[in-house]
Every structure is written in C-alpha cells, then in structure tokens.
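What's in target_21.cif: mmCIF, C-alpha atoms; chains and numbers go by the auth columns
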```cif
data_start
loop_
_atom_site.group_PDB
_atom_site.id
_atom_site.type_symbol
_atom_site.label_atom_id
_atom_site.label_comp_id
_atom_site.label_asym_id
_atom_site.label_seq_id
_atom_site.Cartn_x
_atom_site.Cartn_y
_atom_site.Cartn_z
_atom_site.B_iso_or_equiv
_atom_site.auth_seq_id
_atom_site.auth_asym_id
ATOM 1 C CA MET A 1 44.571 21.460 300.261 0.00 988 G
ATOM 2 C CA PRO A 2 41.888 19.201 298.749 0.00 989 G
ATOM 3 C CA MET A 3 39.619 20.678 296.092 0.00 990 G
ATOM 4 C CA GLN A 4 36.022 21.269 297.174 0.00 991 G
ATOM 5 C CA THR A 5 33.343 19.371 295.308 0.00 992 G
ATOM 6 C CA ASP A 6 30.105 20.993 294.153 0.00 993 G
ATOM 7 C CA ALA A 7 28.351 19.150 297.016 0.00 994 G
ATOM 8 C CA ASP A 8 30.810 20.702 299.516 0.00 995 G
ATOM 9 C CA VAL A 9 30.122 24.160 298.084 0.00 996 G
ATOM 10 C CA GLU A 10 26.365 23.538 298.185 0.00 997 G
ATOM 11 C CA THR A 11 26.601 22.551 301.844 0.00 998 G
ATOM 12 C CA ALA A 12 28.777 25.578 302.671 0.00 999 G
ATOM 13 C CA LEU A 13 26.424 28.038 300.934 0.00 1000 G
ATOM 14 C CA LEU A 14 22.987 26.469 301.500 0.00 1001 G
ATOM 15 C CA GLY A 15 23.480 24.191 304.485 0.00 1002 G
ATOM 16 C CA PRO A 16 23.254 20.440 304.903 0.00 1003 G
ATOM 17 C CA VAL A 17 20.364 18.343 303.663 0.00 1004 G
ATOM 18 C CA LEU A 18 17.536 18.644 306.203 0.00 1005 G
ATOM 19 C CA ALA A 19 16.566 15.306 307.751 0.00 1006 G
ATOM 20 C CA ASP A 20 12.884 16.247 307.994 0.00 1007 G
ATOM 21 C CA ARG A 21 12.486 17.092 304.284 0.00 1008 G
ATOM 22 C CA THR A 22 12.204 14.401 301.656 0.00 1009 G
ATOM 23 C CA CYS A 23 11.519 14.516 297.957 0.00 1010 G
ATOM 24 C CA GLY A 24 8.385 12.431 298.371 0.00 1011 G
ATOM 25 C CA ASP A 25 6.584 12.288 295.029 0.00 1012 G
ATOM 26 C CA CYS A 26 8.502 15.289 293.642 0.00 1013 G
ATOM 27 C CA THR A 27 10.496 14.494 290.491 0.00 1014 G
ATOM 28 C CA ILE A 28 10.785 18.019 289.065 0.00 1015 G
ATOM 29 C CA CYS A 29 14.601 17.848 288.972 0.00 1016 G
ATOM 30 C CA CYS A 30 14.364 14.625 286.933 0.00 1017 G
ATOM 31 C CA THR A 31 12.759 16.621 284.116 0.00 1018 G
ATOM 32 C CA VAL A 32 13.776 20.270 284.380 0.00 1019 G
ATOM 33 C CA LEU A 33 17.515 20.073 285.027 0.00 1020 G
ATOM 34 C CA LYS A 34 20.277 19.512 282.520 0.00 1021 G
ATOM 35 C CA VAL A 35 22.646 16.824 283.771 0.00 1022 G
ATOM 36 C CA ASP A 36 26.170 16.627 282.390 0.00 1023 G
ATOM 37 C CA SER A 37 28.231 14.476 284.712 0.00 1024 G
ATOM 38 C CA PRO A 38 30.800 11.788 283.901 0.00 1025 G
ATOM 39 C CA ASP A 39 28.338 8.972 284.575 0.00 1026 G
ATOM 40 C CA PHE A 40 25.090 10.493 283.308 0.00 1027 G
ATOM 41 C CA GLN A 41 23.853 13.065 280.784 0.00 1028 G
ATOM 42 C CA LYS A 42 20.371 14.427 280.193 0.00 1029 G
ATOM 43 C CA PRO A 43 19.180 17.594 278.409 0.00 1030 G
ATOM 44 C CA ALA A 44 17.187 20.251 280.255 0.00 1031 G
ATOM 45 C CA ASP A 45 13.395 20.121 280.117 0.00 1032 G
ATOM 46 C CA VAL A 46 13.365 16.461 279.075 0.00 1033 G
ATOM 47 C CA ALA A 47 12.247 13.704 281.423 0.00 1034 G
ATOM 48 C CA CYS A 48 14.998 11.319 282.464 0.00 1035 G
ATOM 49 C CA ALA A 49 14.805 8.035 280.586 0.00 1036 G
ATOM 50 C CA HIS A 50 14.605 6.247 283.957 0.00 1037 G
ATOM 51 C CA LEU A 51 11.652 8.269 285.240 0.00 1038 G
ATOM 52 C CA GLY A 52 8.413 6.331 285.349 0.00 1039 G
ATOM 53 C CA ALA A 53 4.983 6.783 286.898 0.00 1040 G
ATOM 54 C CA GLY A 54 6.294 5.550 290.250 0.00 1041 G
ATOM 55 C CA GLY A 55 9.429 7.721 290.217 0.00 1042 G
ATOM 56 C CA CYS A 56 12.974 6.672 289.427 0.00 1043 G
ATOM 57 C CA GLY A 57 13.106 3.233 287.875 0.00 1044 G
ATOM 58 C CA ILE A 58 16.752 2.737 288.908 0.00 1045 G
ATOM 59 C CA HIS A 59 16.616 4.468 292.297 0.00 1046 G
ATOM 60 C CA ALA A 60 18.698 1.774 294.060 0.00 1047 G
ATOM 61 C CA ILE A 61 21.519 2.100 291.493 0.00 1048 G
ATOM 62 C CA ARG A 62 20.987 5.691 290.292 0.00 1049 G
ATOM 63 C CA PRO A 63 24.031 7.714 289.136 0.00 1050 G
ATOM 64 C CA HIS A 64 26.227 9.538 291.658 0.00 1051 G
ATOM 65 C CA ILE A 65 24.859 12.981 290.651 0.00 1052 G
ATOM 66 C CA CYS A 66 21.330 11.807 291.462 0.00 1053 G
ATOM 67 C CA ARG A 67 22.462 10.514 294.856 0.00 1054 G
ATOM 68 C CA THR A 68 24.250 13.714 295.892 0.00 1055 G
ATOM 69 C CA TRP A 69 22.265 16.608 294.367 0.00 1056 G
ATOM 70 C CA PHE A 70 19.421 18.188 296.338 0.00 1057 G
ATOM 71 C CA CYS A 71 17.327 21.241 295.543 0.00 1058 G
ATOM 72 C CA ALA A 72 17.545 24.191 297.924 0.00 1059 G
ATOM 73 C CA TRP A 73 14.166 23.314 299.441 0.00 1060 G
ATOM 74 C CA ARG A 74 15.851 20.222 300.901 0.00 1061 G
ATOM 75 C CA ARG A 75 18.649 22.381 302.415 0.00 1062 G
ATOM 76 C CA VAL A 76 17.287 25.799 303.426 0.00 1063 G
ATOM 77 C CA PRO A 77 15.049 25.711 306.518 0.00 1064 G
ATOM 78 C CA ALA A 78 13.754 29.249 305.836 0.00 1065 G
ATOM 79 C CA LEU A 79 11.934 28.001 302.728 0.00 1066 G
ATOM 80 C CA PRO A 80 8.296 27.134 303.511 0.00 1067 G
ATOM 81 C CA ASP A 81 6.931 23.609 303.039 0.00 1068 G
ATOM 82 C CA ALA A 82 4.803 24.995 300.212 0.00 1069 G
ATOM 83 C CA ALA A 83 8.038 25.730 298.313 0.00 1070 G
ATOM 84 C CA ARG A 84 8.718 22.070 297.506 0.00 1071 G
ATOM 85 C CA PRO A 85 9.090 22.173 293.696 0.00 1072 G
ATOM 86 C CA ASP A 86 6.090 19.987 292.866 0.00 1073 G
ATOM 87 C CA ARG A 87 3.879 22.075 295.164 0.00 1074 G
ATOM 88 C CA SER A 88 5.118 25.536 294.218 0.00 1075 G
ATOM 89 C CA GLY A 89 6.234 25.296 290.616 0.00 1076 G
ATOM 90 C CA LEU A 90 9.596 26.749 291.695 0.00 1077 G
ATOM 91 C CA LEU A 91 12.875 24.891 291.385 0.00 1078 G
ATOM 92 C CA VAL A 92 15.560 26.464 293.543 0.00 1079 G
ATOM 93 C CA SER A 93 19.120 25.286 293.030 0.00 1080 G
ATOM 94 C CA LEU A 94 22.714 26.344 293.366 0.00 1081 G
ATOM 95 C CA ASN A 95 24.147 26.807 289.882 0.00 1082 G
ATOM 96 C CA PHE A 96 27.750 26.639 288.756 0.00 1083 G
ATOM 97 C CA VAL A 97 28.543 28.466 285.493 0.00 1084 G
ATOM 98 C CA ARG A 98 31.900 27.635 283.893 0.00 1085 G
ATOM 99 C CA ASP A 99 32.233 30.898 281.968 0.00 1086 G
ATOM 100 C CA PRO A 100 30.151 33.465 283.853 0.00 1087 G
ATOM 101 C CA ARG A 101 29.307 36.763 282.166 0.00 1088 G
ATOM 102 C CA ASN A 102 29.711 38.591 285.471 0.00 1089 G
ATOM 103 C CA ARG A 103 30.733 38.016 289.092 0.00 1090 G
ATOM 104 C CA PHE A 104 27.232 37.083 290.158 0.00 1091 G
ATOM 105 C CA GLU A 105 26.764 34.168 287.733 0.00 1092 G
ATOM 106 C CA GLY A 106 29.699 31.876 288.623 0.00 1093 G
ATOM 107 C CA VAL A 107 28.134 30.392 291.752 0.00 1094 G
ATOM 108 C CA ALA A 108 24.591 31.541 292.433 0.00 1095 G
ATOM 109 C CA ILE A 109 21.170 30.466 293.578 0.00 1096 G
ATOM 110 C CA ASN A 110 18.719 30.208 290.706 0.00 1097 G
ATOM 111 C CA VAL A 111 14.981 30.320 291.330 0.00 1098 G
ATOM 112 C CA ARG A 112 13.179 28.935 288.264 0.00 1099 G
ATOM 113 C CA LEU A 113 9.483 29.592 287.794 0.00 1100 G
ATOM 114 C CA LEU A 114 8.104 26.516 286.055 0.00 1101 G
ATOM 115 C CA PRO A 115 5.332 26.677 283.447 0.00 1102 G
ATOM 116 C CA GLY A 116 1.877 26.831 285.016 0.00 1103 G
ATOM 117 C CA SER A 117 3.171 27.871 288.436 0.00 1104 G
ATOM 118 C CA THR A 118 1.031 30.206 290.539 0.00 1105 G
ATOM 119 C CA ALA A 119 3.938 30.976 292.908 0.00 1106 G
ATOM 120 C CA ILE A 120 4.014 34.677 292.041 0.00 1107 G
ATOM 121 C CA ALA A 121 0.265 35.193 292.418 0.00 1108 G
ATOM 122 C CA ASP A 122 -0.048 33.176 295.639 0.00 1109 G
ATOM 123 C CA GLY A 123 3.007 34.726 297.341 0.00 1110 G
ATOM 124 C CA THR A 124 5.162 31.592 297.456 0.00 1111 G
ATOM 125 C CA ALA A 125 7.802 33.171 295.206 0.00 1112 G
ATOM 126 C CA ALA A 126 8.087 36.166 297.552 0.00 1113 G
ATOM 127 C CA ALA A 127 8.432 33.850 300.572 0.00 1114 G
ATOM 128 C CA VAL A 128 11.136 31.841 298.791 0.00 1115 G
ATOM 129 C CA LEU A 129 13.078 34.964 297.828 0.00 1116 G
ATOM 130 C CA ASP A 130 12.785 36.287 301.391 0.00 1117 G
ATOM 131 C CA GLY A 131 14.235 33.002 302.637 0.00 1118 G
ATOM 132 C CA LEU A 132 17.181 33.161 300.244 0.00 1119 G
ATOM 133 C CA CYS A 133 18.186 36.821 300.094 0.00 1120 G
ATOM 134 C CA ASP A 134 19.721 37.030 303.553 0.00 1121 G
ATOM 135 C CA ARG A 135 23.102 35.524 302.716 0.00 1122 G
ATOM 136 C CA LEU A 136 26.155 36.469 300.707 0.00 1123 G
ATOM 137 C CA VAL A 137 25.095 34.391 297.704 0.00 1124 G
ATOM 138 C CA PRO A 138 23.709 35.935 294.495 0.00 1125 G
ATOM 139 C CA VAL A 139 20.086 35.046 293.742 0.00 1126 G
ATOM 140 C CA TRP A 140 18.688 35.010 290.215 0.00 1127 G
ATOM 141 C CA PHE A 141 15.001 34.621 289.300 0.00 1128 G
ATOM 142 C CA SER A 142 14.058 33.118 285.943 0.00 1129 G
ATOM 143 C CA ASP A 143 10.578 32.937 284.491 0.00 1130 G
ATOM 144 C CA GLY A 144 11.652 30.975 281.427 0.00 1131 G
ATOM 145 C CA SER A 145 12.005 33.981 279.151 0.00 1132 G
ATOM 146 C CA ARG A 146 14.362 36.165 281.156 0.00 1133 G
ATOM 147 C CA LYS A 147 16.708 35.970 284.109 0.00 1134 G
ATOM 148 C CA MET A 148 16.923 38.754 286.701 0.00 1135 G
ATOM 149 C CA LEU A 149 19.388 39.331 289.535 0.00 1136 G
ATOM 150 C CA VAL A 150 17.320 39.914 292.687 0.00 1137 G
ATOM 151 C CA HIS A 151 20.113 39.763 295.296 0.00 1138 G
ATOM 152 C CA PRO A 152 22.230 41.745 296.001 0.00 1139 G
ATOM 153 C CA ASP A 153 20.254 44.945 295.590 0.00 1140 G
ATOM 154 C CA ALA A 154 20.720 46.758 292.285 0.00 1141 G
ATOM 155 C CA ASP A 155 22.726 49.622 293.795 0.00 1142 G
ATOM 156 C CA VAL A 156 25.168 47.195 295.449 0.00 1143 G
ATOM 157 C CA ALA A 157 25.426 45.051 292.298 0.00 1144 G
ATOM 158 C CA GLN A 158 26.132 48.106 290.139 0.00 1145 G
ATOM 159 C CA HIS A 159 29.127 49.105 292.269 0.00 1146 G
ATOM 160 C CA VAL A 160 30.464 45.535 292.488 0.00 1147 G
ATOM 161 C CA LEU A 161 30.230 45.016 288.722 0.00 1148 G
ATOM 162 C CA SER A 162 31.517 48.444 287.688 0.00 1149 G
ATOM 163 C CA GLY A 163 34.195 48.812 290.344 0.00 1150 G
ATOM 164 C CA THR A 164 33.003 52.329 291.140 0.00 1151 G
ATOM 165 C CA THR A 165 33.315 53.775 294.626 0.00 1152 G
ATOM 166 C CA PRO A 166 30.074 53.278 296.534 0.00 1153 G
ATOM 167 C CA PRO A 167 28.597 55.832 298.917 0.00 1154 G
ATOM 168 C CA PRO A 168 29.680 55.383 302.555 0.00 1155 G
ATOM 169 C CA HIS A 169 26.498 53.533 303.607 0.00 1156 G
ATOM 170 C CA LEU A 170 27.135 50.795 300.991 0.00 1157 G
ATOM 171 C CA ARG A 171 30.928 50.444 301.251 0.00 1158 G
ATOM 172 C CA ALA A 172 31.046 47.503 303.665 0.00 1159 G
ATOM 173 C CA GLU A 173 28.426 45.533 301.740 0.00 1160 G
ATOM 174 C CA VAL A 174 30.029 46.231 298.343 0.00 1161 G
ATOM 175 C CA ARG A 175 33.441 45.226 299.734 0.00 1162 G
ATOM 176 C CA ALA A 176 32.020 41.961 301.143 0.00 1163 G
ATOM 177 C CA TRP A 177 30.478 41.004 297.781 0.00 1164 G
ATOM 178 C CA THR A 178 33.550 42.129 295.831 0.00 1165 G
ATOM 179 C CA ASP A 179 35.922 40.144 298.039 0.00 1166 G
ATOM 180 C CA ARG A 180 33.818 37.001 297.994 0.00 1167 G
ATOM 181 C CA TYR A 181 33.223 36.972 294.226 0.00 1168 G
ATOM 182 C CA ALA A 182 36.511 38.423 292.952 0.00 1169 G
ATOM 183 C CA ALA A 183 37.383 35.058 291.399 0.00 1170 G
ATOM 184 C CA PHE A 184 34.491 35.503 288.971 0.00 1171 G
ATOM 185 C CA GLY A 185 35.399 39.001 287.799 0.00 1172 G
ATOM 186 C CA PRO A 186 36.774 39.989 284.405 0.00 1173 G
ATOM 187 C CA ASP A 187 40.262 40.236 285.933 0.00 1174 G
ATOM 188 C CA ARG A 188 40.280 36.641 287.211 0.00 1175 G
ATOM 189 C CA ALA A 189 43.307 34.523 286.393 0.00 1176 G
#
```

Go ahead and render the structure in this file as structure tokens.
Amino acid sequence: MPMQTDADVETALLGPVLADRTCGDCTICCTVLKVDSPDFQKPADVACAHLGAGGCGIHAIRPHICRTWFCAWRRVPALPDAARPDRSGLLVSLNFVRDPRNRFEGVAINVRLLPGSTAIADGTAAAVLDGLCDRLVPVWFSDGSRKMLVHPDADVAQHVLSGTTPPPHLRAEVRAWTDRYAAFGPDRA
C-alpha cells in the first residue's frame, strides 16, 4: 500500500482545492508559515526571500511545497469569502506535528489569529470555526500567545485524552475520536 503524502491527507480531511478560489494578492503563507521541506526552508514569521511587492518572484519555478500547499480557505467551501487570510487576518491550515503532546495535535486544523486582525470582533473567527468544527478533525485556535483546542468539545476531549468511560450520551462520539486518533496516543508504537 503506498504511503499517503501530506497533500493526500489534506485532501482527505479538508477536501480538494476549490476551482473558484484563488490566492489573488494574498501572500500571508509566504511570511507566516515555517517551511522545512527537502527543497526549501524558511523560518516562521519571516517573509520568503523570493517575495516581492508583486508576489512571488520565482512563481513559475517555485519549490514543490509552494506548488502543492493550500490554506484551508482554498479547500473548505463552508469558509466565507471574507476568511481569505489577507482579508480576515486568519490563517487556517492543516498541521502535522512529528511528536505530538496529545492525540489532538498530530494532525489538526490550526486557526492562527494574525497580529492586527479584527476577526474576533467582526465575527469572522466565529464563522470560520463554525465552518471547521463539523468534521472529525481536531481544531486549534492560536492568538499568538496561547493555543486552545476548540473541537472536539472539552467534555469529549477529556474522555479521549484520559481514557475514562464517558457517559452514555457521549460514548459514540468519544469512540469515534479515540479510534481515529489512536495512532497519536501515548501508547502508539
């Protein structure tokens, strides 16, 4: 069985890239994200060396990671147009953590509030979270100083992480999360 790539996992969890959504003038990912791929490295919160006033200066020959990575706004139709990162000040991405601290960090959606964003005050953050928290994928919200798990609900997360027996009304949901994310638990091989 062939190994799935990060792009395959992104498509499985978030959906394919939407044909009617383009990056346009948005270059948030070119600054905010850390890139550590075989053909390109860049620290987080530092503009890419190839980023200029008109966008990517090497767009036609950009590295593979830049050709295949798309923020969640490009993939999730439930996210409003206002959620494009340069409009909202929110960068939504699927994150892969090599050594997760808990089951919900290994593969998860991360919603990053960028400095100066008004997304909380204007309701865009709530709309984004509503559009993401309907699937069996953990969702974290980060405001730059702290990171909070917002999906699954705290009572479900507590039972998944502790292994305690949930009340009857939560058993099916806890089992679904536990089964799906068992590979990221403390007892993983």

Check the smallest atom-to-atom distance from each of G:Leu1101, G:Ala999, G:Cys1043, G:Ile1052 to Asp1023 (chain G) using all atoms listed in the file, then report the winner.
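So, comparing all the options, the nearest one is G:Ile1052.
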
Please provide the set of residues having any atom within 12 Å of region 1006-1010 of chain G, restricted to only C-alpha atoms, with same-chain residues fewer than 6 positions apart removed, written as a PyMOL selection string.
chain G and resi 1016-1017+1042-1043+1056-1064+1066-1074

Polymer residues at most 8 Å from region 1093-1100 of chain G, only C-alpha atoms, same-chain spacing of 5 or more positions, as JSON, numbers by chain:
{"G": [1076, 1077, 1078, 1079, 1080, 1081, 1082, 1083, 1084, 1085, 1086, 1087, 1106, 1124, 1125, 1126, 1127, 1128, 1129, 1130, 1131, 1171]}

Keeping C-alpha atoms for every residue in the selection just given, could you write it to a file as a CSV table (one decimal), in the frame of the given file?
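The resulting file, result.csv, is shown below:
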```csv
chain,number,residue,atom,x,y,z
G,1076,GLY,CA,6.2,25.3,290.6
G,1077,LEU,CA,9.6,26.7,291.7
G,1078,LEU,CA,12.9,24.9,291.4
G,1079,VAL,CA,15.6,26.5,293.5
G,1080,SER,CA,19.1,25.3,293.0
G,1081,LEU,CA,22.7,26.3,293.4
G,1082,ASN,CA,24.1,26.8,289.9
G,1083,PHE,CA,27.8,26.6,288.8
G,1084,VAL,CA,28.5,28.5,285.5
G,1085,ARG,CA,31.9,27.6,283.9
G,1086,ASP,CA,32.2,30.9,282.0
G,1087,PRO,CA,30.2,33.5,283.9
G,1106,ALA,CA,3.9,31.0,292.9
G,1124,VAL,CA,25.1,34.4,297.7
G,1125,PRO,CA,23.7,35.9,294.5
G,1126,VAL,CA,20.1,35.0,293.7
G,1127,TRP,CA,18.7,35.0,290.2
G,1128,PHE,CA,15.0,34.6,289.3
G,1129,SER,CA,14.1,33.1,285.9
G,1130,ASP,CA,10.6,32.9,284.5
G,1131,GLY,CA,11.7,31.0,281.4
G,1171,PHE,CA,34.5,35.5,289.0
```

Please compute the CA of Leu1148 (chain G)-CA of Lys1134 (chain G) distance, one decimal, in Å.
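For CA of Leu1148 (chain G) relative to CA of Lys1134 (chain G), the distance reads 16.9 Å.
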
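Nearest to Ala1114 (chain G) of all the residues G:Ala1065, G:Leu1005, G:His1037, G:Val996 is G:Ala1065, counting all atoms listed in the file.
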
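Atom pair CA of Pro1030 (chain G) / CA of Gly1011 (chain G): separated by 23.3 Å.
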
What is the CA of Ile1107 (chain G) to CA of His1138 (chain G) distance in Å?
17.2 Å

Pick the closest to Pro1155 (chain G) from G:Leu1038, G:His1046, G:Val1143, G:Phe1091: which is it, counting all atoms listed in the file?
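Looking only at the distances to Pro1155 (chain G), the closest residue turns out to be G:Val1143.
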
The residues within 7 Å of (20.4, 31.1, 301.6), using only C-alpha atoms and the coordinates of the file, should be reported as a list in words; which are they?
Leu1000, Leu1001, Val1063, Gly1118, Leu1119, Cys1120, Asp1121, Arg1122 and Val1124 of chain G

Using all atoms listed in the file, what residues lie at most 12 Å away from (32.5, 43.8, 300.2) (file coordinates), given as a VMD selection string?
chain G and resid 1123 1139 1143 to 1144 1146 to 1148 1150 1152 to 1153 1156 to 1169

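Distances to Ser1149 (chain G) were evaluated for G:Phe1027, G:Pro1102, G:Ile1015, G:Arg1090 using all atoms listed in the file, and the minimum falls at G:Arg1090.
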